[in-house]
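J.: upload-v6.txt is the file, holding compact mmCIF, C-alpha atoms:
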```txt
# COMPACT_ATOMS: atom_id res chain seq x y z
CA SER A 150 32.11 73.30 61.04
CA GLN A 151 28.62 74.74 61.19
CA GLN A 152 28.24 78.47 61.77
CA GLY A 153 24.58 78.67 62.75
CA GLU A 154 22.97 76.57 65.46
CA GLU A 155 19.18 76.34 65.58
CA ASP A 156 17.11 75.84 68.65
CA PRO A 157 14.98 73.86 69.26
CA GLN A 158 15.97 70.87 67.13
CA ALA A 159 12.31 69.86 66.90
CA LEU A 160 9.07 71.69 67.55
CA SER A 161 5.52 70.34 67.49
CA ILE A 162 2.54 72.69 67.66
CA GLN A 163 -1.15 72.85 66.77
CA GLU A 164 -2.49 74.67 63.74
CA GLY A 165 -3.14 78.31 64.53
CA GLU A 166 -0.37 78.57 67.11
CA ASN A 167 2.80 80.60 66.59
CA ALA A 168 6.15 78.89 66.05
CA THR A 169 9.43 80.46 67.11
CA MET A 170 12.82 79.16 66.07
CA ASN A 171 16.14 80.57 67.18
CA CYS A 172 19.55 80.67 65.58
CA SER A 173 22.89 81.51 67.16
CA TYR A 174 26.14 82.03 65.32
CA LYS A 175 29.77 82.62 66.17
CA THR A 176 31.48 85.09 63.87
CA SER A 177 30.62 88.40 62.19
CA ILE A 178 28.24 88.20 59.25
CA ASN A 179 27.10 90.24 56.26
CA ASN A 180 23.59 88.87 56.40
CA LEU A 181 21.56 86.00 57.82
CA GLN A 182 19.06 84.02 55.80
CA TRP A 183 16.30 81.56 56.64
CA TYR A 184 15.43 78.64 54.41
CA ARG A 185 12.77 75.97 54.47
CA GLN A 186 13.08 72.35 53.35
CA ASN A 187 10.16 70.03 52.77
CA SER A 188 10.92 66.35 53.12
CA GLY A 189 12.79 65.04 50.10
CA ARG A 190 13.13 68.44 48.44
CA GLY A 191 15.70 71.17 48.04
CA LEU A 192 15.88 74.21 50.28
CA VAL A 193 13.77 77.24 49.51
CA HIS A 194 14.73 80.75 50.54
CA LEU A 195 12.32 82.48 52.92
CA ILE A 196 13.86 85.75 54.04
CA LEU A 197 17.19 87.60 54.22
CA ILE A 198 18.09 90.11 56.91
CA ARG A 199 21.22 92.23 56.59
CA SER A 200 23.58 92.88 59.47
CA ASN A 201 22.40 96.50 59.81
CA GLU A 202 18.73 95.49 60.08
CA ARG A 203 17.01 94.46 63.30
CA GLU A 204 13.66 93.14 62.11
CA LYS A 205 12.04 92.08 58.88
CA HIS A 206 8.57 90.86 57.93
CA SER A 207 7.29 88.78 55.05
CA GLY A 208 3.68 87.67 55.21
CA ARG A 209 3.30 85.47 58.30
CA LEU A 210 7.07 85.46 58.85
CA ARG A 211 8.93 87.76 61.21
CA VAL A 212 12.69 87.65 61.56
CA THR A 213 14.78 89.47 64.13
CA LEU A 214 18.53 89.87 64.27
CA ASP A 215 20.62 90.83 67.29
CA THR A 216 24.22 91.17 66.18
CA SER A 217 25.41 91.97 69.71
CA LYS A 218 24.14 88.57 70.87
CA LYS A 219 24.91 86.90 67.55
CA SER A 220 21.40 85.52 67.37
CA SER A 221 18.32 85.56 65.18
CA SER A 222 14.77 84.32 65.51
CA LEU A 223 12.14 83.26 63.02
CA LEU A 224 8.50 83.59 64.04
CA ILE A 225 5.76 81.98 62.01
CA THR A 226 2.36 83.30 63.05
CA ALA A 227 -0.96 81.47 62.74
CA SER A 228 0.77 78.27 61.64
CA ARG A 229 -0.79 75.87 59.15
CA ALA A 230 -0.27 72.16 58.57
CA ALA A 231 1.46 73.12 55.31
CA ASP A 232 4.18 74.87 57.34
CA THR A 233 5.44 71.44 58.44
CA ALA A 234 9.05 71.34 57.25
CA SER A 235 12.63 71.81 58.41
CA TYR A 236 13.83 75.38 58.83
CA PHE A 237 17.46 76.41 58.54
CA CYS A 238 19.32 79.58 59.26
CA ALA A 239 22.33 80.38 57.12
CA THR A 240 24.98 82.95 57.81
CA GLU A 241 26.80 84.77 55.05
CA GLY A 242 30.25 86.10 55.67
CA GLY A 243 31.78 85.36 52.31
CA LYS A 244 30.15 81.96 51.97
CA LEU A 245 26.77 80.64 53.06
CA ILE A 246 26.95 78.22 55.99
CA PHE A 247 23.86 76.43 57.27
CA GLY A 248 22.90 75.29 60.73
CA GLN A 249 21.48 71.88 61.60
CA GLY A 250 17.88 73.02 61.30
CA THR A 251 14.68 72.93 63.31
CA GLU A 252 12.11 70.32 62.40
CA LEU A 253 8.66 71.90 62.70
CA SER A 254 5.53 69.78 62.85
CA VAL A 255 2.16 71.54 62.71
CA LYS A 256 -0.73 69.28 63.62
CA PRO A 257 -4.15 69.97 62.12
CA ASP B 272 13.29 79.95 34.43
CA ALA B 273 13.67 76.21 35.05
CA GLY B 274 15.64 76.69 38.22
CA VAL B 275 18.78 74.80 39.18
CA ILE B 276 18.78 71.43 37.44
CA GLN B 277 20.61 68.46 38.89
CA SER B 278 21.17 64.99 37.51
CA PRO B 279 20.86 62.21 38.28
CA ARG B 280 18.09 62.56 40.87
CA HIS B 281 18.84 59.13 42.30
CA GLU B 282 21.87 56.91 41.94
CA VAL B 283 22.77 53.61 43.52
CA THR B 284 26.31 52.44 42.87
CA GLU B 285 28.76 49.91 44.18
CA MET B 286 31.69 50.82 46.34
CA GLY B 287 34.74 51.66 44.26
CA GLN B 288 32.79 52.98 41.29
CA GLU B 289 33.13 56.50 39.96
CA VAL B 290 30.16 58.80 40.52
CA THR B 291 29.56 62.00 38.57
CA LEU B 292 26.87 64.45 39.64
CA ARG B 293 25.85 67.26 37.32
CA CYS B 294 24.42 70.70 37.80
CA LYS B 295 23.05 73.41 35.54
CA PRO B 296 22.75 76.70 37.43
CA ILE B 297 20.19 79.39 36.79
CA SER B 298 21.17 81.46 33.78
CA GLY B 299 22.89 84.68 34.77
CA HIS B 300 23.96 83.48 38.20
CA ASN B 301 27.69 83.73 38.73
CA SER B 302 28.00 81.83 42.03
CA LEU B 303 27.61 78.07 42.29
CA PHE B 304 27.67 75.93 45.42
CA TRP B 305 27.86 72.20 46.12
CA TYR B 306 26.43 71.04 49.46
CA ARG B 307 26.13 67.58 50.99
CA GLN B 308 23.34 66.69 53.42
CA THR B 309 23.31 63.77 55.85
CA MET B 310 21.41 63.10 59.04
CA MET B 311 24.62 63.02 61.06
CA ARG B 312 26.41 66.08 59.69
CA GLY B 313 23.57 68.22 58.37
CA LEU B 314 24.16 70.48 55.38
CA GLU B 315 27.86 70.88 54.61
CA LEU B 316 29.33 73.27 52.07
CA LEU B 317 31.76 71.31 49.92
CA ILE B 318 32.93 73.91 47.42
CA TYR B 319 31.80 77.10 45.77
CA PHE B 320 32.65 78.83 42.52
CA ASN B 321 32.48 82.44 41.50
CA ASN B 322 32.56 83.21 37.78
CA ASN B 323 33.53 79.57 37.15
CA VAL B 324 36.58 79.79 39.43
CA PRO B 325 36.74 77.67 42.61
CA ILE B 326 36.92 80.08 45.53
CA ASP B 327 36.79 77.81 48.55
CA ASP B 328 37.12 74.03 48.47
CA SER B 329 37.96 73.62 52.14
CA GLY B 330 34.81 71.57 52.66
CA MET B 331 35.77 68.87 50.17
CA PRO B 332 36.23 65.82 52.40
CA GLU B 333 39.20 64.25 50.69
CA ASP B 334 41.05 63.77 47.43
CA ARG B 335 38.43 61.34 46.20
CA PHE B 336 36.16 64.35 45.64
CA SER B 337 36.69 66.81 42.80
CA ALA B 338 34.54 69.53 41.28
CA LYS B 339 34.77 71.42 38.03
CA MET B 340 32.95 74.27 36.36
CA PRO B 341 34.09 74.38 32.74
CA ASN B 342 31.60 77.11 31.83
CA ALA B 343 28.90 79.29 33.34
CA SER B 344 26.13 76.80 32.66
CA PHE B 345 27.57 73.52 33.89
CA SER B 346 29.33 72.01 36.89
CA THR B 347 30.23 68.49 37.97
CA LEU B 348 31.04 66.89 41.29
CA LYS B 349 32.97 63.65 40.96
CA ILE B 350 33.68 60.99 43.55
CA GLN B 351 36.33 58.43 42.62
CA PRO B 352 36.39 55.85 44.11
CA SER B 353 33.09 56.01 45.96
CA GLU B 354 32.63 54.59 49.46
CA PRO B 355 29.49 53.75 51.47
CA ARG B 356 30.09 56.75 53.74
CA ASP B 357 29.61 59.01 50.71
CA SER B 358 25.91 58.11 50.71
CA ALA B 359 24.06 61.41 51.07
CA VAL B 360 21.97 63.96 49.23
CA TYR B 361 24.15 66.28 47.18
CA PHE B 362 22.69 69.71 46.44
CA CYS B 363 23.79 72.24 43.89
CA ALA B 364 22.76 75.86 44.37
CA SER B 365 23.37 79.04 42.44
CA GLY B 366 23.09 82.72 43.18
CA PRO B 367 23.61 86.13 41.59
CA GLY B 368 26.55 86.90 43.85
CA GLN B 369 27.81 87.37 47.36
CA GLY B 370 25.29 88.74 49.79
CA PHE B 371 22.26 87.47 47.89
CA THR B 372 20.00 84.48 48.30
CA ILE B 373 20.84 81.21 46.64
CA TYR B 374 18.55 78.81 44.83
CA PHE B 375 18.77 75.09 45.33
CA GLY B 376 18.22 72.21 42.97
CA GLU B 377 16.18 69.21 44.06
CA GLY B 378 19.30 67.23 44.94
CA SER B 379 20.99 64.05 43.83
CA TRP B 380 20.31 61.14 46.20
CA LEU B 381 23.41 58.95 46.23
CA THR B 382 23.57 55.50 47.77
CA VAL B 383 26.88 53.62 47.70
CA VAL B 384 26.55 49.94 48.60
```
In structure tokens, what does this structure look like?

T.:
Amino acid sequence: SQQGEEDPQALSIQEGENATMNCSYKTSINNLQWYRQNSGRGLVHLILIRSNEREKHSGRLRVTLDTSKKSSSLLITASRAADTASYFCATEGGKLIFGQGTELSVKP
Amino acid sequence: DAGVIQSPRHEVTEMGQEVTLRCKPISGHNSLFWYRQTMMRGLELLIYFNNNVPIDDSGMPEDRFSAKMPNASFSTLKIQPSEPRDSAVYFCASGPGQGFTIYFGEGSWLTVV
């Protein structure tokens, strides 16, 4: 069964807007990771946040982690059409389990 | 580094045939993962190896599926006999160890007719 559950399942925004995706999980974790998948391609790692961290930044990406609520969020600021992809959270507690993903569409 | 290399990229086979998918992990990585992706079930972890030893195969759907890792640079996922419901994209990924990021191949697109 899936560990992480992303919300929303699909998100459509205009270029320049911010995109926020959420992930909830059920059991304790060592770390939580976010990946991106372009259509027809493999997944690419974006950012890893450890269980003792609360926030992490990488370029236009900001990830938060709330272990008390068992949830994480991924914020993409100033989105671009090239950000159009599916985004997955993955929880690591011995093995890496992926959620169902959020499909992000950024319209130019 | 060439990244994780999977073959074949695409395969169409008839029901009942044996299918073998291959994976070459990134050199130096000691963890290897096989995932299956479908629209209905998303990305499922089938099995993962650590130092060539299978650690968790609880995601392998049934006895028709088997995976091996004879050495640190090669792994196979075999389906025998194949069924139409096995149609999916099969991803191999490797990583330097537990707690680190993993790197995916481009996937093997399997269609069983």

J.: Which residue gives the smallest distance to Ile196 (chain A) among A:Asp215, A:Lys256, A:Ile225, A:Thr176, with only C-alpha atoms counted?

T.: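 Of A:Asp215, A:Lys256, A:Ile225, A:Thr176, the one nearest Ile196 (chain A) is A:Ile225, counting only C-alpha atoms.
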
J.: Out of A:Gln163, A:Leu223, A:Gly243, A:Ser254, which residue has the shortest atom-to-atom distance to Tyr184 (chain A) when counting all atoms listed in the file?

T.: A:Leu223

J.: For chain A, report every residue with an atom at most 12 Å from chain B (counting all atoms listed in the file), formatted as a ChimeraX atom specification.

T.: /A:150-155,158,178-200,235-251

J.: Go ahead and dump the residues you just picked, C-alpha atoms, as a PDB file, in the coordinates of the input.

T.:
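The result, stored in part.pdb:
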```
ATOM      1  CA  SER A 150      32.110  73.300  61.040  1.00  0.00           C
ATOM      2  CA  GLN A 151      28.620  74.740  61.190  1.00  0.00           C
ATOM      3  CA  GLN A 152      28.240  78.470  61.770  1.00  0.00           C
ATOM      4  CA  GLY A 153      24.580  78.670  62.750  1.00  0.00           C
ATOM      5  CA  GLU A 154      22.970  76.570  65.460  1.00  0.00           C
ATOM      6  CA  GLU A 155      19.180  76.340  65.580  1.00  0.00           C
ATOM      7  CA  GLN A 158      15.970  70.870  67.130  1.00  0.00           C
ATOM      8  CA  ILE A 178      28.240  88.200  59.250  1.00  0.00           C
ATOM      9  CA  ASN A 179      27.100  90.240  56.260  1.00  0.00           C
ATOM     10  CA  ASN A 180      23.590  88.870  56.400  1.00  0.00           C
ATOM     11  CA  LEU A 181      21.560  86.000  57.820  1.00  0.00           C
ATOM     12  CA  GLN A 182      19.060  84.020  55.800  1.00  0.00           C
ATOM     13  CA  TRP A 183      16.300  81.560  56.640  1.00  0.00           C
ATOM     14  CA  TYR A 184      15.430  78.640  54.410  1.00  0.00           C
ATOM     15  CA  ARG A 185      12.770  75.970  54.470  1.00  0.00           C
ATOM     16  CA  GLN A 186      13.080  72.350  53.350  1.00  0.00           C
ATOM     17  CA  ASN A 187      10.160  70.030  52.770  1.00  0.00           C
ATOM     18  CA  SER A 188      10.920  66.350  53.120  1.00  0.00           C
ATOM     19  CA  GLY A 189      12.790  65.040  50.100  1.00  0.00           C
ATOM     20  CA  ARG A 190      13.130  68.440  48.440  1.00  0.00           C
ATOM     21  CA  GLY A 191      15.700  71.170  48.040  1.00  0.00           C
ATOM     22  CA  LEU A 192      15.880  74.210  50.280  1.00  0.00           C
ATOM     23  CA  VAL A 193      13.770  77.240  49.510  1.00  0.00           C
ATOM     24  CA  HIS A 194      14.730  80.750  50.540  1.00  0.00           C
ATOM     25  CA  LEU A 195      12.320  82.480  52.920  1.00  0.00           C
ATOM     26  CA  ILE A 196      13.860  85.750  54.040  1.00  0.00           C
ATOM     27  CA  LEU A 197      17.190  87.600  54.220  1.00  0.00           C
ATOM     28  CA  ILE A 198      18.090  90.110  56.910  1.00  0.00           C
ATOM     29  CA  ARG A 199      21.220  92.230  56.590  1.00  0.00           C
ATOM     30  CA  SER A 200      23.580  92.880  59.470  1.00  0.00           C
ATOM     31  CA  SER A 235      12.630  71.810  58.410  1.00  0.00           C
ATOM     32  CA  TYR A 236      13.830  75.380  58.830  1.00  0.00           C
ATOM     33  CA  PHE A 237      17.460  76.410  58.540  1.00  0.00           C
ATOM     34  CA  CYS A 238      19.320  79.580  59.260  1.00  0.00           C
ATOM     35  CA  ALA A 239      22.330  80.380  57.120  1.00  0.00           C
ATOM     36  CA  THR A 240      24.980  82.950  57.810  1.00  0.00           C
ATOM     37  CA  GLU A 241      26.800  84.770  55.050  1.00  0.00           C
ATOM     38  CA  GLY A 242      30.250  86.100  55.670  1.00  0.00           C
ATOM     39  CA  GLY A 243      31.780  85.360  52.310  1.00  0.00           C
ATOM     40  CA  LYS A 244      30.150  81.960  51.970  1.00  0.00           C
ATOM     41  CA  LEU A 245      26.770  80.640  53.060  1.00  0.00           C
ATOM     42  CA  ILE A 246      26.950  78.220  55.990  1.00  0.00           C
ATOM     43  CA  PHE A 247      23.860  76.430  57.270  1.00  0.00           C
ATOM     44  CA  GLY A 248      22.900  75.290  60.730  1.00  0.00           C
ATOM     45  CA  GLN A 249      21.480  71.880  61.600  1.00  0.00           C
ATOM     46  CA  GLY A 250      17.880  73.020  61.300  1.00  0.00           C
ATOM     47  CA  THR A 251      14.680  72.930  63.310  1.00  0.00           C
TER      48      THR A 251
END
```

J.: One decimal, in Å: what's the spacing between CA of Arg229 (chain A) and CA of Glu166 (chain A)?

T.: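 Taking CA of Arg229 (chain A) and CA of Glu166 (chain A), their separation equals 8.4 Å.
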
J.: Edge lengths and centre in Å to one decimal, as lines of an AutoDock Vina configuration file, of the axis-aligned box that encloses all listed atoms of region 380-383 of chain B with 6 Å added on every side?

T.:
```
center_x = 23.6
center_y = 57.4
center_z = 47.0
size_x = 18.6
size_y = 19.5
size_z = 13.6
```

J.: Should you be able to, write region 279-353 of chain B of this structure into a file that contains C-alpha atoms, as a PDB file, in the first residue's frame.

T.:
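Contents of decode.pdb, as written:
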```pdb
ATOM      1  CA  PRO B 279      14.596  -2.933 -23.363  1.00  0.00           C
ATOM      2  CA  ARG B 280      12.974   0.512 -23.457  1.00  0.00           C
ATOM      3  CA  HIS B 281       9.858  -0.880 -25.100  1.00  0.00           C
ATOM      4  CA  GLU B 282       8.578  -4.420 -25.402  1.00  0.00           C
ATOM      5  CA  VAL B 283       5.385  -5.826 -26.819  1.00  0.00           C
ATOM      6  CA  THR B 284       4.845  -9.509 -26.168  1.00  0.00           C
ATOM      7  CA  GLU B 285       2.084 -12.053 -26.320  1.00  0.00           C
ATOM      8  CA  MET B 286       0.374 -13.420 -23.266  1.00  0.00           C
ATOM      9  CA  GLY B 287       2.171 -16.466 -21.922  1.00  0.00           C
ATOM     10  CA  GLN B 288       5.605 -15.419 -23.110  1.00  0.00           C
ATOM     11  CA  GLU B 289       8.549 -14.884 -20.799  1.00  0.00           C
ATOM     12  CA  VAL B 290       9.697 -11.299 -20.330  1.00  0.00           C
ATOM     13  CA  THR B 291      13.109 -10.321 -18.989  1.00  0.00           C
ATOM     14  CA  LEU B 292      13.864  -6.726 -18.060  1.00  0.00           C
ATOM     15  CA  ARG B 293      17.437  -5.672 -17.384  1.00  0.00           C
ATOM     16  CA  CYS B 294      19.053  -2.997 -15.292  1.00  0.00           C
ATOM     17  CA  LYS B 295      22.572  -1.655 -14.846  1.00  0.00           C
ATOM     18  CA  PRO B 296      22.772   0.516 -11.731  1.00  0.00           C
ATOM     19  CA  ILE B 297      25.082   3.465 -11.241  1.00  0.00           C
ATOM     20  CA  SER B 298      28.575   2.288 -10.396  1.00  0.00           C
ATOM     21  CA  GLY B 299      29.232   2.385  -6.667  1.00  0.00           C
ATOM     22  CA  HIS B 300      25.587   2.289  -5.651  1.00  0.00           C
ATOM     23  CA  ASN B 301      24.796  -0.599  -3.351  1.00  0.00           C
ATOM     24  CA  SER B 302      20.980  -0.348  -3.299  1.00  0.00           C
ATOM     25  CA  LEU B 303      18.809  -1.317  -6.258  1.00  0.00           C
ATOM     26  CA  PHE B 304      15.050  -1.009  -6.579  1.00  0.00           C
ATOM     27  CA  TRP B 305      12.448  -2.291  -9.036  1.00  0.00           C
ATOM     28  CA  TYR B 306       9.220  -0.278  -9.294  1.00  0.00           C
ATOM     29  CA  ARG B 307       6.137  -0.735 -11.460  1.00  0.00           C
ATOM     30  CA  GLN B 308       4.000   2.209 -12.563  1.00  0.00           C
ATOM     31  CA  THR B 309       0.415   2.047 -13.820  1.00  0.00           C
ATOM     32  CA  MET B 310      -2.366   4.594 -13.997  1.00  0.00           C
ATOM     33  CA  MET B 311      -4.511   2.573 -11.612  1.00  0.00           C
ATOM     34  CA  ARG B 312      -1.972   1.686  -8.928  1.00  0.00           C
ATOM     35  CA  GLY B 313       0.639   4.408  -9.276  1.00  0.00           C
ATOM     36  CA  LEU B 314       4.270   3.639  -8.471  1.00  0.00           C
ATOM     37  CA  GLU B 315       4.647   0.351  -6.607  1.00  0.00           C
ATOM     38  CA  LEU B 316       7.852  -0.951  -5.067  1.00  0.00           C
ATOM     39  CA  LEU B 317       8.282  -4.542  -6.199  1.00  0.00           C
ATOM     40  CA  ILE B 318      11.608  -5.492  -4.640  1.00  0.00           C
ATOM     41  CA  TYR B 319      14.833  -3.956  -3.454  1.00  0.00           C
ATOM     42  CA  PHE B 320      18.368  -5.244  -3.025  1.00  0.00           C
ATOM     43  CA  ASN B 321      21.169  -4.131  -0.779  1.00  0.00           C
ATOM     44  CA  ASN B 322      24.675  -5.285  -1.664  1.00  0.00           C
ATOM     45  CA  ASN B 323      23.137  -7.700  -4.198  1.00  0.00           C
ATOM     46  CA  VAL B 324      20.949  -9.375  -1.550  1.00  0.00           C
ATOM     47  CA  PRO B 325      17.135  -9.127  -1.794  1.00  0.00           C
ATOM     48  CA  ILE B 326      15.961  -7.299   1.312  1.00  0.00           C
ATOM     49  CA  ASP B 327      12.240  -6.925   0.741  1.00  0.00           C
ATOM     50  CA  ASP B 328      10.244  -8.634  -1.999  1.00  0.00           C
ATOM     51  CA  SER B 329       6.848  -8.143  -0.395  1.00  0.00           C
ATOM     52  CA  GLY B 330       5.739  -6.032  -3.342  1.00  0.00           C
ATOM     53  CA  MET B 331       6.260  -8.773  -5.918  1.00  0.00           C
ATOM     54  CA  PRO B 332       2.706  -9.468  -7.096  1.00  0.00           C
ATOM     55  CA  GLU B 333       2.906 -13.222  -7.479  1.00  0.00           C
ATOM     56  CA  ASP B 334       5.143 -16.176  -8.227  1.00  0.00           C
ATOM     57  CA  ARG B 335       5.214 -15.299 -11.905  1.00  0.00           C
ATOM     58  CA  PHE B 336       7.586 -12.459 -10.992  1.00  0.00           C
ATOM     59  CA  SER B 337      11.195 -13.044 -10.004  1.00  0.00           C
ATOM     60  CA  ALA B 338      14.201 -10.764  -9.645  1.00  0.00           C
ATOM     61  CA  LYS B 339      17.894 -11.461  -9.399  1.00  0.00           C
ATOM     62  CA  MET B 340      21.044  -9.466  -8.837  1.00  0.00           C
ATOM     63  CA  PRO B 341      23.988 -11.736  -9.644  1.00  0.00           C
ATOM     64  CA  ASN B 342      26.528  -8.937  -9.200  1.00  0.00           C
ATOM     65  CA  ALA B 343      26.774  -5.267  -8.299  1.00  0.00           C
ATOM     66  CA  SER B 344      26.383  -4.083 -11.874  1.00  0.00           C
ATOM     67  CA  PHE B 345      23.418  -6.077 -13.137  1.00  0.00           C
ATOM     68  CA  SER B 346      19.872  -7.022 -12.176  1.00  0.00           C
ATOM     69  CA  THR B 347      16.975  -8.705 -13.961  1.00  0.00           C
ATOM     70  CA  LEU B 348      13.245  -8.759 -13.421  1.00  0.00           C
ATOM     71  CA  LYS B 349      11.548 -11.725 -15.041  1.00  0.00           C
ATOM     72  CA  ILE B 350       7.865 -12.365 -15.655  1.00  0.00           C
ATOM     73  CA  GLN B 351       6.936 -15.917 -16.633  1.00  0.00           C
ATOM     74  CA  PRO B 352       4.314 -16.376 -17.958  1.00  0.00           C
ATOM     75  CA  SER B 353       3.278 -12.819 -18.767  1.00  0.00           C
TER      76      SER B 353
END
```
